[in-house]
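Q: Once you've had a glance at the structure underneath, I'll fire off some questions.
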Number of protein chains: 2
Amino acid sequence: MDAGPHAVAAFLFILAGILLGAKLLGELAERIGQPAVLGELLAGVLLGPHALGLIPDGGAAAGVLTILAELGVLILLFEIGLETDLREMRKVGGSATMVAAVGVVLPFIGGYLYWQHIPHETGSPDTLHAASIFIGAALCATSVGITARVLSDLARLGSVEGRIIIGAAVLDDILGLVILTVVSGLAAGGQVSPMLTAKIFAVAVGFLVVAIAVGGWVAPRVFRSVARMKVQDAVPVMALAICFALAALADQAGSALIMGAFAAGVILARTDQFHAIAERVRPVGALLTPIFFVSVGSALDIHLLDPTRPGGTELLLVALGLTLLAIFGKVAAGFSVPWARFRRLAVGVGMVPRGEVGLIFADIGRRSGLLTNDAFSIVLLMVMGTTFVAPPLLKLLFRDVAPAPAPVERA
Amino acid sequence: MDAGPHAVAAFLFILAGILLGAKLLGELAERIGQPAVLGELLAGVLLGPHALGLIPDGGAAAGVLTILAELGVLILLFEIGLETDLREMRKVGGSATMVAAVGVVLPFIGGYLYWQHIPHETGSPDTLHAASIFIGAALCATSVGITARVLSDLARLGSVEGRIIIGAAVLDDILGLVILTVVSGLAAGGQVSPMLTAKIFAVAVGFLVVAIAVGGWVAPRVFRSVARMKVQDAVPVMALAICFALAALADQAGSALIMGAFAAGVILARTDQFHAIAERVRPVGALLTPIFFVSVGSALDIHLLDPTRPGGTELLLVALGLTLLAIFGKVAAGFSVPWARFRRLAVGVGMVPRGEVGLIFADIGRRSGLLTNDAFSIVLLMVMGTTFVAPPLLKLLFRDVAPAPAPVERA
């Protein structure tokens, strides 16, 4: 970005507008009994390039916003990691694994078959197989951000249901990485060996295990020294530096950025400075996290929702079918653990939002030519549909779940 | 910036390195009795493109860093504004105006004459007049960030000396804007009318007066409503939105970004939510402000300090002379108010650091061809010299000044 003051001023207007819009529409959402994040998503739609146009579609300002949004989601996952009690997580490990596995396999198969059997006006039949795989893949990965934010606002992150959802969503992200690689290989026109697939999976899981094991031993010792530093704000700034470094390291290791941030949170939850970190990082997250949700919302082109444009009705109907499939696949996953006691519908609905990962898949498909623009729009509508439908349902379903905020006192 | 995860990961590594370096060298500085900001500047030198190279010289990552650094300095000025009591400022208004005026005129004349009379190997004699004006201009503007940060760390922002320095630095910035316009006109090869100069001055002063008058009336009323909002973190996020919006507005009005941020702080200091804002904005500033100081430090090419390179000794000597002139001009300004009682040396030294504004002038001169690369390097060395010399001197000189932190309780 041009470092001149006018370019910075233009960016500051956008930033101020995003923050103002997020808070005003977040307030409106809360006033009508909906979660604030729904208002932030709507603020993104309104301010986005397809409506009021405050948020640009590309260029330097959009690039900076992407980074700020990314920092926002990293800090959100870091905070979720901070609130995650591994021993409590382990208790729901079996259920979470089952929910994740069923919630990936069912939507994938459903999406594949759906795309094979609906009537197609566009798209070559040669690429129908590959396109169907893309559609199936886009249905797989849960966007942990939306649900975590709603549960955090409702103080239900620490409930059994909340822990199963977070655990399953983390596993989902690992599976999403594997699928991303397979799908990228397809887009490049190549074949992907089962060996490579297994390797990616092992690396992603291995990174999480090693980082938490090593970091969990090192961090409490390091932070006892950091707490003795004379320079101001050493503890929270060092904590964020570790969050960013582990996120980058996770990417280098072939895992995902948000996995590293989550691991950093889990690690620092074991330090004596846990409280100071959580308290001082919160205001930073409060500033940056809404930028992420507004950015997600800004991707929706509201003109797609216009049934009067040519082919608009058909596109909306196909998108509606895919959205229902996406919802059904994850809700069914909630009912896939007959041996454990928890609110199955609440867990299933918690897995429904598809976010940035689904969009990334669809974008790779479009750029490789395997997905038509219409197919991409349908995936986009499915992602937005699941994202918008989940928060109000979650609020309703978690009404009866006992409030169990994440433990703030630990041994 | 490319939105792909690898580009983001590369940026996160840089960010983590900057934060880690800032805190470690800040700690080192404090341990040897120096202000932390000195360590942050040094961290910038070490991590910068001319040494370890973690911080890139250009490209997308550098652009994003520029924005984060800019947000950091805006939040710093916003916090200084929050701590500024206008009635207390008015009491030192006469002294501050005198210090600012003398501190701009003396260095400008000194710099102009110095450049006219030192022996020049490079640079055309035709452009000597214009080049001398550039050198004089680069000596004018105080970098309020460095001194404010040191005084804030020492809890001396509210002292008479602290208030004179902040007041004079704000006036300095207004004068700097006028000079910037004149100098830019020169660089474009044109003439600048006294009328235009007067207009720029009036707009900059007018913006500050109108913004504080109108905002000071509106803000307490608006924030009473904001405080009643149900959505989380509305008060601090709205406060930052106003900070960014006023900064952008200041730029649009022909004033400087940091003036708008300062005005926003002064305005919000009058709200009942003053405490909540100050407390919640602090952690955000703690994260972003070091990025600014590290960025400033990263501009120094340490190879310029090598006397063994060809022409190195001469360049260093000329730079040393200019730095002494820069120091003397501002210190003399501290002694320019015979009728008032305050520690004149402390005020003078507080005005010494030249920062980004001097660099902007020098950069315009270099790009227009009026300043040679050597002349630019000399200005850069002067800026860095004044920036590095002031913090330890300030710490020493303010030792005897009664600690008077900015008032946190108001009527």
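Going through the structure tokens in order, the chains are called A, B, and so on, while each chain numbers its residues from 1 and the ligands are numbered from 1 in the order shown.
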I'd like the contact shell of range 243-248 of chain A - 7 Å cut-off, only C-alpha atoms, skipping same-chain residues fewer than 2 positions apart - returned as a PDB file with all heavy atoms, in the first residue's frame.
A:
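Listing of around-v7.pdb after writing:
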ATOM      1  N   PHE A  78      -7.088 -18.015  19.388  1.00  0.00           N
ATOM      2  CA  PHE A  78      -6.160 -17.964  20.520  1.00  0.00           C
ATOM      3  C   PHE A  78      -6.946 -17.873  21.827  1.00  0.00           C
ATOM      4  O   PHE A  78      -6.673 -18.593  22.796  1.00  0.00           O
ATOM      5  CB  PHE A  78      -5.240 -16.749  20.355  1.00  0.00           C
ATOM      6  CG  PHE A  78      -4.296 -16.513  21.500  1.00  0.00           C
ATOM      7  CD1 PHE A  78      -3.206 -17.339  21.713  1.00  0.00           C
ATOM      8  CD2 PHE A  78      -4.488 -15.445  22.365  1.00  0.00           C
ATOM      9  CE1 PHE A  78      -2.329 -17.116  22.764  1.00  0.00           C
ATOM     10  CE2 PHE A  78      -3.612 -15.200  23.416  1.00  0.00           C
ATOM     11  CZ  PHE A  78      -2.538 -16.037  23.609  1.00  0.00           C
ATOM     12  N   ALA A 239       2.749 -12.821  24.569  1.00  0.00           N
ATOM     13  CA  ALA A 239       1.741 -13.855  24.321  1.00  0.00           C
ATOM     14  C   ALA A 239       1.232 -13.764  22.889  1.00  0.00           C
ATOM     15  O   ALA A 239       1.116 -14.781  22.190  1.00  0.00           O
ATOM     16  CB  ALA A 239       0.583 -13.706  25.306  1.00  0.00           C
ATOM     17  N   LEU A 240       0.973 -12.537  22.411  1.00  0.00           N
ATOM     18  CA  LEU A 240       0.495 -12.383  21.033  1.00  0.00           C
ATOM     19  C   LEU A 240       1.592 -12.724  20.032  1.00  0.00           C
ATOM     20  O   LEU A 240       1.315 -13.299  18.975  1.00  0.00           O
ATOM     21  CB  LEU A 240      -0.029 -10.960  20.815  1.00  0.00           C
ATOM     22  CG  LEU A 240      -1.409 -10.710  21.413  1.00  0.00           C
ATOM     23  CD1 LEU A 240      -1.815  -9.251  21.278  1.00  0.00           C
ATOM     24  CD2 LEU A 240      -2.456 -11.602  20.748  1.00  0.00           C
ATOM     25  N   ALA A 241       2.851 -12.390  20.380  1.00  0.00           N
ATOM     26  CA  ALA A 241       3.961 -12.757  19.496  1.00  0.00           C
ATOM     27  C   ALA A 241       4.012 -14.276  19.339  1.00  0.00           C
ATOM     28  O   ALA A 241       4.213 -14.795  18.238  1.00  0.00           O
ATOM     29  CB  ALA A 241       5.278 -12.217  20.045  1.00  0.00           C
ATOM     30  N   ALA A 250       2.670 -23.270  12.111  1.00  0.00           N
ATOM     31  CA  ALA A 250       1.690 -24.280  11.723  1.00  0.00           C
ATOM     32  C   ALA A 250       1.565 -24.324  10.205  1.00  0.00           C
ATOM     33  O   ALA A 250       1.544 -25.401   9.606  1.00  0.00           O
ATOM     34  CB  ALA A 250       0.336 -23.970  12.357  1.00  0.00           C
ATOM     35  N   ASP A 251       1.518 -23.131   9.588  1.00  0.00           N
ATOM     36  CA  ASP A 251       1.429 -23.069   8.133  1.00  0.00           C
ATOM     37  C   ASP A 251       2.657 -23.702   7.489  1.00  0.00           C
ATOM     38  O   ASP A 251       2.557 -24.472   6.536  1.00  0.00           O
ATOM     39  CB  ASP A 251       1.286 -21.617   7.686  1.00  0.00           C
ATOM     40  CG  ASP A 251       1.247 -21.491   6.173  1.00  0.00           C
ATOM     41  OD1 ASP A 251       0.197 -21.798   5.596  1.00  0.00           O
ATOM     42  OD2 ASP A 251       2.276 -21.112   5.588  1.00  0.00           O
ATOM     43  N   GLN A 252       3.839 -23.382   8.033  1.00  0.00           N
ATOM     44  CA  GLN A 252       5.092 -23.949   7.509  1.00  0.00           C
ATOM     45  C   GLN A 252       5.095 -25.471   7.614  1.00  0.00           C
ATOM     46  O   GLN A 252       5.647 -26.162   6.767  1.00  0.00           O
ATOM     47  CB  GLN A 252       6.277 -23.408   8.310  1.00  0.00           C
ATOM     48  CG  GLN A 252       6.511 -21.918   8.125  1.00  0.00           C
ATOM     49  CD  GLN A 252       7.520 -21.655   7.047  1.00  0.00           C
ATOM     50  OE1 GLN A 252       8.591 -22.248   7.053  1.00  0.00           O
ATOM     51  NE2 GLN A 252       7.181 -20.801   6.109  1.00  0.00           N
ATOM     52  N   LEU A 257      -3.127 -21.918   9.728  1.00  0.00           N
ATOM     53  CA  LEU A 257      -2.789 -20.796  10.604  1.00  0.00           C
ATOM     54  C   LEU A 257      -3.576 -20.848  11.913  1.00  0.00           C
ATOM     55  O   LEU A 257      -3.002 -20.713  13.003  1.00  0.00           O
ATOM     56  CB  LEU A 257      -3.088 -19.475   9.889  1.00  0.00           C
ATOM     57  CG  LEU A 257      -2.221 -19.104   8.684  1.00  0.00           C
ATOM     58  CD1 LEU A 257      -2.859 -17.946   7.931  1.00  0.00           C
ATOM     59  CD2 LEU A 257      -0.818 -18.736   9.134  1.00  0.00           C
ATOM     60  N   ILE A 258      -4.908 -21.033  11.787  1.00  0.00           N
ATOM     61  CA  ILE A 258      -5.739 -20.962  12.993  1.00  0.00           C
ATOM     62  C   ILE A 258      -5.441 -22.102  13.962  1.00  0.00           C
ATOM     63  O   ILE A 258      -5.628 -21.958  15.163  1.00  0.00           O
ATOM     64  CB  ILE A 258      -7.255 -20.937  12.657  1.00  0.00           C
ATOM     65  CG1 ILE A 258      -7.647 -22.089  11.765  1.00  0.00           C
ATOM     66  CG2 ILE A 258      -7.655 -19.621  12.047  1.00  0.00           C
ATOM     67  CD1 ILE A 258      -9.157 -22.208  11.596  1.00  0.00           C
ATOM     68  N   MET A 259      -4.902 -23.243  13.453  1.00  0.00           N
ATOM     69  CA  MET A 259      -4.516 -24.335  14.350  1.00  0.00           C
ATOM     70  C   MET A 259      -3.371 -23.893  15.249  1.00  0.00           C
ATOM     71  O   MET A 259      -3.316 -24.232  16.433  1.00  0.00           O
ATOM     72  CB  MET A 259      -4.081 -25.544  13.527  1.00  0.00           C
ATOM     73  CG  MET A 259      -5.128 -26.029  12.571  1.00  0.00           C
ATOM     74  SD  MET A 259      -6.390 -26.926  13.429  1.00  0.00           S
ATOM     75  CE  MET A 259      -5.496 -28.452  13.604  1.00  0.00           C
ATOM     76  N   GLY A 260      -2.425 -23.151  14.683  1.00  0.00           N
ATOM     77  CA  GLY A 260      -1.299 -22.659  15.470  1.00  0.00           C
ATOM     78  C   GLY A 260      -1.752 -21.687  16.543  1.00  0.00           C
ATOM     79  O   GLY A 260      -1.291 -21.737  17.685  1.00  0.00           O
ATOM     80  N   ALA A 261      -2.682 -20.799  16.171  1.00  0.00           N
ATOM     81  CA  ALA A 261      -3.183 -19.821  17.136  1.00  0.00           C
ATOM     82  C   ALA A 261      -3.929 -20.528  18.266  1.00  0.00           C
ATOM     83  O   ALA A 261      -3.788 -20.177  19.446  1.00  0.00           O
ATOM     84  CB  ALA A 261      -4.097 -18.821  16.438  1.00  0.00           C
ATOM     85  N   ALA A 264      -1.427 -22.144  20.531  1.00  0.00           N
ATOM     86  CA  ALA A 264      -0.780 -21.143  21.380  1.00  0.00           C
ATOM     87  C   ALA A 264      -1.660 -20.824  22.587  1.00  0.00           C
ATOM     88  O   ALA A 264      -1.168 -20.686  23.716  1.00  0.00           O
ATOM     89  CB  ALA A 264      -0.493 -19.866  20.574  1.00  0.00           C
TER      90      ALA A 264
ATOM     91  N   ALA B   9       1.313 -16.145   6.563  1.00  0.00           N
ATOM     92  CA  ALA B   9       2.263 -16.763   7.491  1.00  0.00           C
ATOM     93  C   ALA B   9       3.589 -16.002   7.486  1.00  0.00           C
ATOM     94  O   ALA B   9       4.166 -15.735   8.552  1.00  0.00           O
ATOM     95  CB  ALA B   9       2.494 -18.228   7.118  1.00  0.00           C
ATOM     96  N   ALA B  10       4.069 -15.646   6.291  1.00  0.00           N
ATOM     97  CA  ALA B  10       5.323 -14.890   6.202  1.00  0.00           C
ATOM     98  C   ALA B  10       5.191 -13.572   6.956  1.00  0.00           C
ATOM     99  O   ALA B  10       6.105 -13.160   7.690  1.00  0.00           O
ATOM    100  CB  ALA B  10       5.666 -14.624   4.731  1.00  0.00           C
ATOM    101  N   LEU B  12       3.141 -12.969   9.457  1.00  0.00           N
ATOM    102  CA  LEU B  12       3.020 -13.231  10.901  1.00  0.00           C
ATOM    103  C   LEU B  12       4.394 -13.442  11.533  1.00  0.00           C
ATOM    104  O   LEU B  12       4.628 -13.050  12.683  1.00  0.00           O
ATOM    105  CB  LEU B  12       2.125 -14.449  11.148  1.00  0.00           C
ATOM    106  CG  LEU B  12       0.647 -14.245  10.841  1.00  0.00           C
ATOM    107  CD1 LEU B  12      -0.105 -15.558  10.947  1.00  0.00           C
ATOM    108  CD2 LEU B  12       0.039 -13.216  11.792  1.00  0.00           C
ATOM    109  N   PHE B  13       5.311 -14.079  10.796  1.00  0.00           N
ATOM    110  CA  PHE B  13       6.678 -14.256  11.294  1.00  0.00           C
ATOM    111  C   PHE B  13       7.331 -12.896  11.545  1.00  0.00           C
ATOM    112  O   PHE B  13       7.955 -12.656  12.574  1.00  0.00           O
ATOM    113  CB  PHE B  13       7.534 -15.050  10.295  1.00  0.00           C
ATOM    114  CG  PHE B  13       7.604 -16.519  10.609  1.00  0.00           C
ATOM    115  CD1 PHE B  13       7.326 -17.458   9.628  1.00  0.00           C
ATOM    116  CD2 PHE B  13       7.950 -16.968  11.880  1.00  0.00           C
ATOM    117  CE1 PHE B  13       7.375 -18.812   9.905  1.00  0.00           C
ATOM    118  CE2 PHE B  13       8.007 -18.319  12.164  1.00  0.00           C
ATOM    119  CZ  PHE B  13       7.717 -19.246  11.178  1.00  0.00           C
ATOM    120  N   ALA B  16       5.673 -11.247  14.583  1.00  0.00           N
ATOM    121  CA  ALA B  16       6.120 -11.857  15.839  1.00  0.00           C
ATOM    122  C   ALA B  16       7.544 -11.422  16.166  1.00  0.00           C
ATOM    123  O   ALA B  16       7.872 -11.106  17.319  1.00  0.00           O
ATOM    124  CB  ALA B  16       6.024 -13.384  15.738  1.00  0.00           C
TER     125      ALA B  16
END
Q: Do a neighbour search on Leu300 in chain B at 8 Å with only C-alpha atoms, toss out local chain neighbours closer than 6 positions, and write the hits as JSON, numbers by chain.
A: {"B": [45, 48, 50, 380, 381, 384]}
Q: What does the structure give for the distance between CA of Trp115 in chain A and CA of Val318 in chain A, in Å to one decimal?
A: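 If I compute the distance from CA of Trp115 in chain A to CA of Val318 in chain A, I get 9.3 Å.
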Q: Under the rule of at most 8 Å, produce a per-residue listing of range 188-253 of chain B near range 25-32 of chain A: chain, number, name, the closest pair of atoms, and the distance in Å, as a tab-separated table, using only C-alpha atoms.
A:
residue	atom	partner	partner_atom	distance
B:Met229	CA	A:Glu27	CA	6.6
B:Lys230	CA	A:Glu27	CA	6.3
B:Val231	CA	A:Glu27	CA	5.1
Q: Deliver the residues from the most recent selection as a file, using N, CA and C atoms, as a CSV table (one decimal), in the first residue's frame.
A:
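Everything below was put into selection_3.csv:
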chain,number,residue,atom,x,y,z
B,229,MET,N,-25.5,0.6,25.2
B,229,MET,CA,-25.7,-0.5,24.2
B,229,MET,C,-25.4,-1.8,24.8
B,230,LYS,N,-26.2,-2.9,24.3
B,230,LYS,CA,-26.1,-4.2,24.9
B,230,LYS,C,-24.9,-5.0,24.3
B,231,VAL,N,-24.6,-4.6,23.1
B,231,VAL,CA,-23.5,-5.4,22.4
B,231,VAL,C,-22.2,-5.2,23.1
Q: Let's see if you can do this: from backbone DSSP, list all helix (DSSP H, G or I) residues in range 29-207 of chain B, as a count of residues only.
A: 135
Q: Would you mind reading off the distance between CA of Thr197 in chain A and CA of Ala253 in chain A, one decimal, in Å?
A: 14.6 Å
Q: So, counting only C-alpha atoms, which residue among A:Val183, A:Ala333, A:Leu393, A:Val102 is closest to Phe134 in chain A?
A: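 Smallest distance to Phe134 in chain A is found for A:Val183.
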Q: May I ask for the distance between CA of Glu314 in chain B and CA of Leu370 in chain B, given in Å to one decimal place?
A: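 Computing the Euclidean distance for CA of Glu314 in chain B and CA of Leu370 in chain B yields 20.2 Å.
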Q: With only C-alpha atoms as the counted atoms, please give the residues lying no more than 12 Å from Leu46 in chain B, apart from itself and same-chain residues fewer than 4 positions off, as a ChimeraX atom specification.
A: /B:17-18,21-22,25,39-42,50-55,294-303
Q: Excluding Leu320 in chain B and its own-chain neighbours fewer than 5 positions away, which residues fall within 9 Å of it when counting only C-alpha atoms? Please give them as a list in words.
A: Leu315, Leu325, Ile378, Leu381, Met382 and Gly385 of chain B
